[in-house]
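Enquirer: Input structure: work_18.pdb, which contains PDB, C-alpha atoms and all ligand atoms.
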MODEL        1
ATOM      1  CA  MET A   5      71.556 131.850 104.970  1.00  0.00           C
ATOM      2  CA  LYS A   6      69.825 129.009 103.180  1.00  0.00           C
ATOM      3  CA  LYS A   7      69.822 125.525 104.669  1.00  0.00           C
ATOM      4  CA  ILE A   8      68.507 122.077 103.877  1.00  0.00           C
ATOM      5  CA  ILE A   9      68.239 119.886 106.962  1.00  0.00           C
ATOM      6  CA  ASN A  10      67.224 116.252 107.448  1.00  0.00           C
ATOM      7  CA  ILE A  11      65.032 116.319 110.537  1.00  0.00           C
ATOM      8  CA  PRO A  12      65.522 113.350 112.919  1.00  0.00           C
ATOM      9  CA  ILE A  13      62.349 111.271 112.950  1.00  0.00           C
ATOM     10  CA  ASP A  14      62.181 111.499 116.750  1.00  0.00           C
ATOM     11  CA  LYS A  15      61.477 115.235 116.426  1.00  0.00           C
ATOM     12  CA  ILE A  16      58.249 114.631 114.517  1.00  0.00           C
ATOM     13  CA  LYS A  17      57.273 111.178 115.774  1.00  0.00           C
ATOM     14  CA  PRO A  18      53.512 110.891 116.277  1.00  0.00           C
ATOM     15  CA  ASP A  19      51.935 109.819 119.545  1.00  0.00           C
ATOM     16  CA  ALA A  20      48.734 107.818 119.858  1.00  0.00           C
ATOM     17  CA  ALA A  21      47.013 110.205 122.282  1.00  0.00           C
ATOM     18  CA  GLY A  22      47.657 113.246 120.042  1.00  0.00           C
ATOM     19  CA  VAL A  23      46.599 111.542 116.802  1.00  0.00           C
ATOM     20  CA  LEU A  24      43.434 110.021 118.313  1.00  0.00           C
ATOM     21  CA  LYS A  25      42.510 113.353 119.918  1.00  0.00           C
ATOM     22  CA  MET A  26      42.863 114.995 116.484  1.00  0.00           C
ATOM     23  CA  GLN A  27      40.399 112.387 115.204  1.00  0.00           C
ATOM     24  CA  GLY A  28      37.872 113.405 117.843  1.00  0.00           C
ATOM     25  CA  MET A  29      38.510 110.663 120.417  1.00  0.00           C
ATOM     26  CA  PRO A  30      38.537 111.788 124.045  1.00  0.00           C
ATOM     27  CA  PRO A  31      41.975 111.922 125.716  1.00  0.00           C
ATOM     28  CA  PRO A  32      42.768 110.104 129.029  1.00  0.00           C
ATOM     29  CA  PRO A  33      41.318 109.692 131.622  1.00  0.00           C
ATOM     30  CA  ALA A  34      38.448 108.728 129.274  1.00  0.00           C
ATOM     31  CA  ALA A  35      38.078 105.012 128.554  1.00  0.00           C
ATOM     32  CA  PRO A  36      40.898 103.706 126.320  1.00  0.00           C
ATOM     33  CA  PRO A  37      40.079 103.356 122.605  1.00  0.00           C
ATOM     34  CA  PRO A  38      38.901  99.950 121.306  1.00  0.00           C
ATOM     35  CA  TRP A  39      41.643  97.385 120.635  1.00  0.00           C
ATOM     36  CA  ARG A  40      41.000  97.570 116.862  1.00  0.00           C
ATOM     37  CA  VAL A  41      41.732 101.331 116.860  1.00  0.00           C
ATOM     38  CA  THR A  42      44.945 100.927 118.870  1.00  0.00           C
ATOM     39  CA  SER A  43      46.093  98.158 116.557  1.00  0.00           C
ATOM     40  CA  LEU A  44      45.365 100.308 113.471  1.00  0.00           C
ATOM     41  CA  TYR A  45      47.308 103.169 115.034  1.00  0.00           C
ATOM     42  CA  HIS A  46      50.368 100.945 115.591  1.00  0.00           C
ATOM     43  CA  SER A  47      50.245  99.608 112.016  1.00  0.00           C
ATOM     44  CA  ALA A  48      50.009 103.173 110.692  1.00  0.00           C
ATOM     45  CA  GLU A  49      52.863 104.349 112.909  1.00  0.00           C
ATOM     46  CA  GLU A  50      55.047 101.477 111.692  1.00  0.00           C
ATOM     47  CA  LEU A  51      54.400 102.435 108.062  1.00  0.00           C
ATOM     48  CA  PHE A  52      55.009 106.094 108.862  1.00  0.00           C
ATOM     49  CA  LEU A  53      58.397 105.380 110.468  1.00  0.00           C
ATOM     50  CA  LYS A  54      59.430 103.215 107.496  1.00  0.00           C
ATOM     51  CA  LEU A  55      58.366 105.588 104.741  1.00  0.00           C
ATOM     52  CA  SER A  56      58.878 109.141 106.016  1.00  0.00           C
ATOM     53  CA  ALA A  57      61.888 111.210 105.019  1.00  0.00           C
ATOM     54  CA  PRO A  58      61.403 114.454 106.970  1.00  0.00           C
ATOM     55  CA  THR A  59      63.286 117.297 105.318  1.00  0.00           C
ATOM     56  CA  LEU A  60      63.348 121.041 105.946  1.00  0.00           C
ATOM     57  CA  ILE A  61      64.488 123.935 103.797  1.00  0.00           C
ATOM     58  CA  MET A  62      64.768 127.418 105.238  1.00  0.00           C
ATOM     59  CA  ALA A  63      66.174 130.773 104.143  1.00  0.00           C
ATOM     60  CA  ASP A  64      66.545 134.148 105.830  1.00  0.00           C
ATOM     61  CA  ILE A  65      64.420 136.938 104.449  1.00  0.00           C
ATOM     62  CA  THR A  66      64.403 140.632 105.325  1.00  0.00           C
ATOM     63  CA  ILE A  67      61.293 142.491 106.453  1.00  0.00           C
ATOM     64  CA  GLU A  68      61.230 144.397 103.142  1.00  0.00           C
ATOM     65  CA  GLN A  69      61.562 141.201 101.091  1.00  0.00           C
ATOM     66  CA  PHE A  70      58.887 139.459 103.138  1.00  0.00           C
ATOM     67  CA  ALA A  71      56.530 142.430 102.699  1.00  0.00           C
ATOM     68  CA  GLU A  72      56.625 141.652  98.953  1.00  0.00           C
ATOM     69  CA  VAL A  73      56.161 137.896  99.499  1.00  0.00           C
ATOM     70  CA  PHE A  74      53.258 138.491 101.885  1.00  0.00           C
ATOM     71  CA  LYS A  75      51.546 140.821  99.431  1.00  0.00           C
ATOM     72  CA  GLY A  76      51.347 137.858  97.046  1.00  0.00           C
ATOM     73  CA  ASN A  77      48.925 138.585  94.236  1.00  0.00           C
ATOM     74  CA  GLY A  78      46.767 140.887  96.343  1.00  0.00           C
ATOM     75  CA  ARG A  79      44.231 138.362  97.643  1.00  0.00           C
ATOM     76  CA  ASN A  80      44.905 138.603 101.395  1.00  0.00           C
ATOM     77  CA  GLU A  81      42.184 139.781 103.761  1.00  0.00           C
ATOM     78  CA  PRO A  82      42.227 143.585 104.239  1.00  0.00           C
ATOM     79  CA  ASP A  83      43.438 143.254 107.834  1.00  0.00           C
ATOM     80  CA  THR A  84      45.518 140.337 109.170  1.00  0.00           C
ATOM     81  CA  PRO A  85      47.506 139.528 112.335  1.00  0.00           C
ATOM     82  CA  LEU A  86      50.664 138.683 110.393  1.00  0.00           C
ATOM     83  CA  GLU A  87      50.952 142.121 108.756  1.00  0.00           C
ATOM     84  CA  LYS A  88      51.298 143.569 112.264  1.00  0.00           C
ATOM     85  CA  ILE A  89      53.682 140.845 113.464  1.00  0.00           C
ATOM     86  CA  PHE A  90      56.342 140.589 110.767  1.00  0.00           C
ATOM     87  CA  PRO A  91      57.412 144.297 110.700  1.00  0.00           C
ATOM     88  CA  ARG A  92      58.207 143.991 114.438  1.00  0.00           C
ATOM     89  CA  ALA A  93      60.216 140.748 114.099  1.00  0.00           C
ATOM     90  CA  SER A  94      63.949 140.849 114.725  1.00  0.00           C
ATOM     91  CA  HIS A  95      64.536 137.983 112.275  1.00  0.00           C
ATOM     92  CA  LEU A  96      62.463 136.251 109.607  1.00  0.00           C
ATOM     93  CA  ALA A  97      62.993 133.062 107.609  1.00  0.00           C
ATOM     94  CA  LEU A  98      60.873 131.281 105.036  1.00  0.00           C
ATOM     95  CA  PHE A  99      60.571 127.524 105.509  1.00  0.00           C
ATOM     96  CA  ALA A 100      59.081 124.427 103.905  1.00  0.00           C
ATOM     97  CA  PHE A 101      58.969 120.965 105.446  1.00  0.00           C
ATOM     98  CA  THR A 102      57.945 117.671 103.889  1.00  0.00           C
ATOM     99  CA  LEU A 103      57.586 114.020 104.868  1.00  0.00           C
ATOM    100  CA  GLY A 104      58.548 113.136 101.292  1.00  0.00           C
ATOM    101  CA  PRO A 105      56.586 111.281  98.602  1.00  0.00           C
ATOM    102  CA  LYS A 106      56.658 107.678  99.868  1.00  0.00           C
ATOM    103  CA  VAL A 107      54.245 108.047 102.761  1.00  0.00           C
ATOM    104  CA  CYS A 108      51.798 110.021 100.581  1.00  0.00           C
ATOM    105  CA  LEU A 109      51.893 107.331  97.887  1.00  0.00           C
ATOM    106  CA  GLU A 110      51.228 104.665 100.510  1.00  0.00           C
ATOM    107  CA  ILE A 111      48.117 106.543 101.735  1.00  0.00           C
ATOM    108  CA  GLU A 112      46.894 106.769  98.135  1.00  0.00           C
ATOM    109  CA  GLU A 113      47.530 103.077  97.506  1.00  0.00           C
ATOM    110  CA  LEU A 114      45.763 101.984 100.692  1.00  0.00           C
ATOM    111  CA  LEU A 115      42.704 104.065  99.800  1.00  0.00           C
ATOM    112  CA  ASN A 116      42.728 102.810  96.198  1.00  0.00           C
ATOM    113  CA  ALA A 117      42.852  99.252  97.563  1.00  0.00           C
ATOM    114  CA  HIS A 118      39.799 100.099  99.723  1.00  0.00           C
ATOM    115  CA  ASN A 119      41.810  99.647 102.912  1.00  0.00           C
ATOM    116  CA  PHE A 120      40.097 102.758 104.222  1.00  0.00           C
ATOM    117  CA  ALA A 121      40.714 102.196 107.921  1.00  0.00           C
ATOM    118  CA  LEU A 122      44.509 101.940 107.630  1.00  0.00           C
ATOM    119  CA  GLY A 123      44.652 104.588 104.874  1.00  0.00           C
ATOM    120  CA  TYR A 124      42.705 107.040 107.006  1.00  0.00           C
ATOM    121  CA  MET A 125      44.828 106.308 110.088  1.00  0.00           C
ATOM    122  CA  LEU A 126      48.095 106.735 108.138  1.00  0.00           C
ATOM    123  CA  ASP A 127      46.734 110.009 106.762  1.00  0.00           C
ATOM    124  CA  ALA A 128      45.958 111.212 110.313  1.00  0.00           C
ATOM    125  CA  VAL A 129      49.356 110.113 111.650  1.00  0.00           C
ATOM    126  CA  SER A 130      51.108 111.893 108.774  1.00  0.00           C
ATOM    127  CA  SER A 131      49.091 115.112 109.137  1.00  0.00           C
ATOM    128  CA  TYR A 132      49.842 115.177 112.855  1.00  0.00           C
ATOM    129  CA  SER A 133      53.560 114.750 112.218  1.00  0.00           C
ATOM    130  CA  THR A 134      53.582 117.320 109.415  1.00  0.00           C
ATOM    131  CA  ASP A 135      52.303 119.874 111.918  1.00  0.00           C
ATOM    132  CA  LYS A 136      55.134 118.816 114.211  1.00  0.00           C
ATOM    133  CA  GLY A 137      57.452 119.598 111.286  1.00  0.00           C
ATOM    134  CA  ALA A 138      56.576 123.273 111.714  1.00  0.00           C
ATOM    135  CA  ASN A 139      57.531 122.988 115.400  1.00  0.00           C
ATOM    136  CA  ALA A 140      60.817 121.366 114.381  1.00  0.00           C
ATOM    137  CA  ALA A 141      61.492 124.278 111.989  1.00  0.00           C
ATOM    138  CA  GLN A 142      60.759 126.671 114.850  1.00  0.00           C
ATOM    139  CA  GLU A 143      63.318 124.902 117.092  1.00  0.00           C
ATOM    140  CA  VAL A 144      65.972 124.714 114.365  1.00  0.00           C
ATOM    141  CA  TYR A 145      65.621 128.440 113.650  1.00  0.00           C
ATOM    142  CA  LEU A 146      65.858 129.430 117.305  1.00  0.00           C
ATOM    143  CA  ASP A 147      68.976 127.238 117.667  1.00  0.00           C
ATOM    144  CA  LEU A 148      70.527 128.844 114.594  1.00  0.00           C
ATOM    145  CA  LEU A 149      69.834 132.332 115.921  1.00  0.00           C
ATOM    146  CA  SER A 150      71.226 131.421 119.349  1.00  0.00           C
ATOM    147  CA  SER A 151      74.381 129.780 118.041  1.00  0.00           C
ATOM    148  CA  GLY A 152      75.079 132.063 115.086  1.00  0.00           C
ATOM    149  CA  GLY A 153      75.683 135.262 117.031  1.00  0.00           C
ATOM    150  CA  ARG A 154      73.131 137.080 114.882  1.00  0.00           C
ATOM    151  CA  GLY A 155      71.787 139.801 117.129  1.00  0.00           C
ATOM    152  CA  GLN A 156      70.706 139.411 120.672  1.00  0.00           C
ATOM    153  CA  VAL A 157      68.765 136.257 121.499  1.00  0.00           C
ATOM    154  CA  ASP A 158      67.499 136.573 125.034  1.00  0.00           C
ATOM    155  CA  ASP A 159      64.935 134.746 127.135  1.00  0.00           C
ATOM    156  CA  SER A 160      62.085 136.853 125.792  1.00  0.00           C
ATOM    157  CA  MET A 161      62.648 135.764 122.177  1.00  0.00           C
ATOM    158  CA  ARG A 162      60.083 133.413 120.673  1.00  0.00           C
ATOM    159  CA  VAL A 163      59.740 131.960 117.176  1.00  0.00           C
ATOM    160  CA  LEU A 164      56.341 131.082 115.677  1.00  0.00           C
ATOM    161  CA  PRO A 165      55.485 129.822 112.194  1.00  0.00           C
ATOM    162  CA  TYR A 166      52.721 131.457 110.091  1.00  0.00           C
ATOM    163  CA  SER A 167      51.446 129.814 106.917  1.00  0.00           C
ATOM    164  CA  PRO A 168      49.611 130.852 103.738  1.00  0.00           C
ATOM    165  CA  GLY A 169      46.009 129.685 103.804  1.00  0.00           C
ATOM    166  CA  TYR A 170      45.505 130.691 107.448  1.00  0.00           C
ATOM    167  CA  CYS A 171      44.468 133.802 109.365  1.00  0.00           C
ATOM    168  CA  GLY A 172      43.930 136.035 106.344  1.00  0.00           C
ATOM    169  CA  TRP A 173      47.113 135.160 104.394  1.00  0.00           C
ATOM    170  CA  HIS A 174      45.640 133.840 101.154  1.00  0.00           C
ATOM    171  CA  ILE A 175      46.719 130.384 100.007  1.00  0.00           C
ATOM    172  CA  SER A 176      47.870 131.909  96.673  1.00  0.00           C
ATOM    173  CA  GLY A 177      50.661 133.499  98.724  1.00  0.00           C
ATOM    174  CA  GLN A 178      52.413 130.157  98.244  1.00  0.00           C
ATOM    175  CA  GLN A 179      53.451 131.287  94.779  1.00  0.00           C
ATOM    176  CA  LYS A 180      55.673 134.163  95.932  1.00  0.00           C
ATOM    177  CA  LEU A 181      56.930 132.077  98.855  1.00  0.00           C
ATOM    178  CA  PHE A 182      58.015 129.334  96.443  1.00  0.00           C
ATOM    179  CA  GLU A 183      59.647 131.831  94.067  1.00  0.00           C
ATOM    180  CA  PHE A 184      61.849 133.063  96.923  1.00  0.00           C
ATOM    181  CA  LEU A 185      62.546 129.815  98.812  1.00  0.00           C
ATOM    182  CA  LYS A 186      62.543 127.257  95.984  1.00  0.00           C
ATOM    183  CA  PRO A 187      61.317 124.221  97.985  1.00  0.00           C
ATOM    184  CA  GLU A 188      61.577 122.243  94.724  1.00  0.00           C
ATOM    185  CA  GLU A 189      65.160 121.636  95.938  1.00  0.00           C
ATOM    186  CA  ILE A 190      63.728 119.196  98.501  1.00  0.00           C
ATOM    187  CA  GLY A 191      61.078 117.803  96.166  1.00  0.00           C
ATOM    188  CA  ILE A 192      58.076 120.016  97.053  1.00  0.00           C
ATOM    189  CA  HIS A 193      56.075 121.425  94.152  1.00  0.00           C
ATOM    190  CA  LEU A 194      52.965 123.585  93.920  1.00  0.00           C
ATOM    191  CA  ASN A 195      49.910 122.529  91.960  1.00  0.00           C
ATOM    192  CA  LYS A 196      47.492 124.902  90.217  1.00  0.00           C
ATOM    193  CA  SER A 197      45.411 125.244  93.393  1.00  0.00           C
ATOM    194  CA  PHE A 198      48.541 126.278  95.339  1.00  0.00           C
ATOM    195  CA  LEU A 199      48.523 122.992  97.251  1.00  0.00           C
ATOM    196  CA  MET A 200      51.873 121.397  97.926  1.00  0.00           C
ATOM    197  CA  VAL A 201      52.871 118.055  96.442  1.00  0.00           C
ATOM    198  CA  PRO A 202      53.707 115.855  98.363  1.00  0.00           C
ATOM    199  CA  LEU A 203      50.564 116.751 100.287  1.00  0.00           C
ATOM    200  CA  LYS A 204      52.131 116.090 103.677  1.00  0.00           C
ATOM    201  CA  SER A 205      54.180 119.283 103.592  1.00  0.00           C
ATOM    202  CA  ILE A 206      53.934 122.611 105.362  1.00  0.00           C
ATOM    203  CA  SER A 207      55.411 126.009 104.522  1.00  0.00           C
ATOM    204  CA  GLY A 208      55.384 129.542 105.849  1.00  0.00           C
ATOM    205  CA  VAL A 209      57.406 132.199 107.576  1.00  0.00           C
ATOM    206  CA  LEU A 210      59.182 131.868 110.905  1.00  0.00           C
ATOM    207  CA  ALA A 211      58.935 135.139 112.819  1.00  0.00           C
ATOM    208  CA  ALA A 212      61.439 135.618 115.650  1.00  0.00           C
ATOM    209  CA  GLY A 213      61.122 138.407 118.142  1.00  0.00           C
ATOM    210  CA  ASN A 214      60.070 139.491 121.561  1.00  0.00           C
ATOM    211  CA  ILE A 215      57.208 137.395 122.885  1.00  0.00           C
ATOM    212  CA  GLU A 216      54.876 140.415 122.652  1.00  0.00           C
ATOM    213  CA  ILE A 217      55.000 140.626 118.857  1.00  0.00           C
ATOM    214  CA  HIS A 218      53.011 137.364 118.683  1.00  0.00           C
ATOM    215  CA  TRP A 219      50.154 138.537 120.913  1.00  0.00           C
ATOM    216  CA  PHE A 220      46.936 139.634 119.231  1.00  0.00           C
ATOM    217  CA  LYS A 221      43.189 139.505 119.732  1.00  0.00           C
ATOM    218  CA  ASN A 222      41.396 137.004 117.529  1.00  0.00           C
ATOM    219  CA  ASN A 223      38.578 139.356 116.584  1.00  0.00           C
ATOM    220  CA  TYR A 224      39.161 139.557 112.820  1.00  0.00           C
ATOM    221  CA  PRO A 225      36.075 139.028 110.610  1.00  0.00           C
ATOM    222  CA  PHE A 226      37.454 135.690 109.334  1.00  0.00           C
ATOM    223  CA  CYS A 227      37.836 134.387 112.931  1.00  0.00           C
ATOM    224  CA  VAL A 228      34.063 133.882 113.090  1.00  0.00           C
ATOM    225  CA  SER A 229      34.277 130.882 110.761  1.00  0.00           C
ATOM    226  CA  CYS A 230      37.516 129.481 112.262  1.00  0.00           C
ATOM    227  CA  LEU A 231      36.886 126.147 113.968  1.00  0.00           C
ATOM    228  CA  SER A 232      40.363 125.504 115.382  1.00  0.00           C
ATOM    229  CA  LYS A 233      41.094 128.884 117.049  1.00  0.00           C
ATOM    230  CA  ASN A 234      44.566 127.389 117.421  1.00  0.00           C
ATOM    231  CA  CYS A 235      46.226 130.834 117.591  1.00  0.00           C
ATOM    232  CA  ARG A 236      45.176 130.862 121.264  1.00  0.00           C
ATOM    233  CA  GLU A 237      46.945 127.566 121.959  1.00  0.00           C
ATOM    234  CA  ARG A 238      50.092 128.748 120.144  1.00  0.00           C
ATOM    235  CA  ILE A 239      50.232 131.963 122.150  1.00  0.00           C
ATOM    236  CA  VAL A 240      49.761 130.060 125.421  1.00  0.00           C
ATOM    237  CA  GLN A 241      52.545 127.639 124.430  1.00  0.00           C
ATOM    238  CA  ILE A 242      55.122 130.401 124.056  1.00  0.00           C
ATOM    239  CA  SER A 243      54.010 132.412 127.103  1.00  0.00           C
TER     240      SER A 243
HETATM  241  S1  LIG A 301      40.769 132.541 115.500  1.00  0.00           S
HETATM  242 FE1  LIG A 301      41.440 131.236 113.809  1.00  0.00          FE
HETATM  243  S2  LIG A 301      41.463 132.563 111.989  1.00  0.00           S
HETATM  244 FE2  LIG A 301      41.377 133.890 113.803  1.00  0.00          FE
HETATM  245  S3  LIG A 301      43.519 134.425 114.160  1.00  0.00           S
HETATM  246 FE3  LIG A 301      43.002 132.618 115.442  1.00  0.00          FE
HETATM  247  S4  LIG A 301      43.588 130.811 114.235  1.00  0.00           S
HETATM  248 FE4  LIG A 301      43.518 132.600 112.860  1.00  0.00          FE
ENDMDL
END
Take the structure I supplied and represent it as structure tokens, if you would.
Ligand code: SF4

Expert:
Amino acid sequence: MKKIINIPIDKIKPDAAGVLKMQGMPPPPAAPPPWRVTSLYHSAEELFLKLSAPTLIMADITIEQFAEVFKGNGRNEPDTPLEKIFPRASHLALFAFTLGPKVCLEIEELLNAHNFALGYMLDAVSSYSTDKGANAAQEVYLDLLSSGGRGQVDDSMRVLPYSPGYCGWHISGQQKLFEFLKPEEIGIHLNKSFLMVPLKSISGVLAAGNIEIHWFKNNYPFCVSCLSKNCRERIVQIS
């Protein structure tokens, strides 16, 4: 199964509280942000809604095929959570999601025109929504598994996305992922540093399986320098 899906904008729409929290501003009940910040947020959101074209590509992959993709060019950390998760998954799919080129060009143009405040806010809004793109991919995949009659999908099944560049999966793993999935079909390319162009894109593997396959302790050597520790939040969300 390989699919290209236009994601409804509502699925990835940003929200002021989430974007401002990501920028380090305290969430309610703290004092509301200054009027100037709220106004910038609304201008950025308006541009985002006008210029984004959220698109997803996904393709099934077997455990054996993914083992090759994950190996990449041998630069992963010696021990990673994902290498223990994917062999226990009941289903796997590679995915890539993008907001498209227009919103990225607008950010660039605003910054080039020294409109730093709006450029920075549009960048934050777009990053926030790109992350929501991974959640949208997660939902689409679970729906496909539930409706397609492919194996048993019961209440204990959870889907989580895992991406190159995080938690010991080296960013160069993008190369093998792209060779298999071919996200160029929706306009995403890789540059020499393995970054995606358009920049507001996200890729990875969707692992579906019993909730327990996603549980792990975050005591890997690389966790020491991890600021987000967002694996904890993800595990709580699916529990
Ligand atoms: S603590 Fe950070 S690096 Fe470690 S597994 Fe969690 S998200 Fe990944």

Enquirer: Choose the residue, out of A:Ser133, A:Gln27, A:Ser207, A:Ser232, that has the smallest atom-to-atom separation from Ala100 in chain A; count all atoms listed in the file.

Expert: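 Of all the options, A:Ser207 lies closest to Ala100 in chain A.
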
Enquirer: Find the nearest atom pair between each residue of chain A and ligand LIG 301 (chain A) for residues within 7 Å, count all atoms listed in the file, give distances in Å to one decimal, sort rows by chain and ascending number, and present the table as CSV.

Expert:
residue,atom,partner,partner_atom,distance
A:Pro85,CA,A:LIG301,S3,6.7
A:Tyr170,CA,A:LIG301,FE4,6.1
A:Cys171,CA,A:LIG301,FE4,3.8
A:Asn222,CA,A:LIG301,S3,4.7
A:Asn223,CA,A:LIG301,FE2,6.7
A:Tyr224,CA,A:LIG301,FE2,6.2
A:Phe226,CA,A:LIG301,S2,5.7
A:Cys227,CA,A:LIG301,FE2,3.7
A:Cys230,CA,A:LIG301,FE1,4.6
A:Leu231,CA,A:LIG301,FE1,6.8
A:Ser232,CA,A:LIG301,FE1,6.0
A:Lys233,CA,A:LIG301,S1,4.0
A:Asn234,CA,A:LIG301,S4,4.8
A:Cys235,CA,A:LIG301,FE3,4.3
A:Arg236,CA,A:LIG301,FE3,6.5

Enquirer: Only C-alpha atoms, please: the residues just picked out, written as a compact mmCIF listing (two decimals), in the frame of the given file.

Expert:
# COMPACT_ATOMS: atom_id res chain seq x y z
CA PRO A 85 47.51 139.53 112.34
CA TYR A 170 45.50 130.69 107.45
CA CYS A 171 44.47 133.80 109.36
CA ASN A 222 41.40 137.00 117.53
CA ASN A 223 38.58 139.36 116.58
CA TYR A 224 39.16 139.56 112.82
CA PHE A 226 37.45 135.69 109.33
CA CYS A 227 37.84 134.39 112.93
CA CYS A 230 37.52 129.48 112.26
CA LEU A 231 36.89 126.15 113.97
CA SER A 232 40.36 125.50 115.38
CA LYS A 233 41.09 128.88 117.05
CA ASN A 234 44.57 127.39 117.42
CA CYS A 235 46.23 130.83 117.59
CA ARG A 236 45.18 130.86 121.26

Enquirer: Taking 3 positions as the minimum chain separation for residues in the same chain, which residues sit within 6 Å of Met62 in chain A when counting all atoms listed in the file? Answer as a ChimeraX atom specification.

Expert: /A:6-7,98-99

Enquirer: Take the residues from that selection and write them out as a PDB file, in the coordinates of the input, keeping C-alpha atoms.

Expert:
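Result went into result-v9.pdb, see below:
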ATOM      1  CA  LYS A   6      69.825 129.009 103.180  1.00  0.00           C
ATOM      2  CA  LYS A   7      69.822 125.525 104.669  1.00  0.00           C
ATOM      3  CA  LEU A  98      60.873 131.281 105.036  1.00  0.00           C
ATOM      4  CA  PHE A  99      60.571 127.524 105.509  1.00  0.00           C
TER       5      PHE A  99
END

Enquirer: Can you measure CA of Ile89 in chain A to CA of Ile217 in chain A for me? One decimal in Å is fine.

Expert: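 Distance reported for this atom pair: 5.6 Å.
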
Enquirer: Go through A:Gly172, A:Pro187, A:Gly208, A:Pro202 one by one, measure the shortest atom-to-atom distance of each to Arg79 in chain A using all atoms listed in the file, and give the residue with the smallest value.

Expert: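 Distance minimum relative to Arg79 in chain A lands on A:Gly172.
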
Enquirer: Where does the PyMOL selection byres (((chain A and resi 91) around 12) and not hetatm) land in this file, that is, which residues does it pick, as a PyMOL selection string?

Expert: chain A and resi 65-71+74+85-90+92-96+211-213+217-218
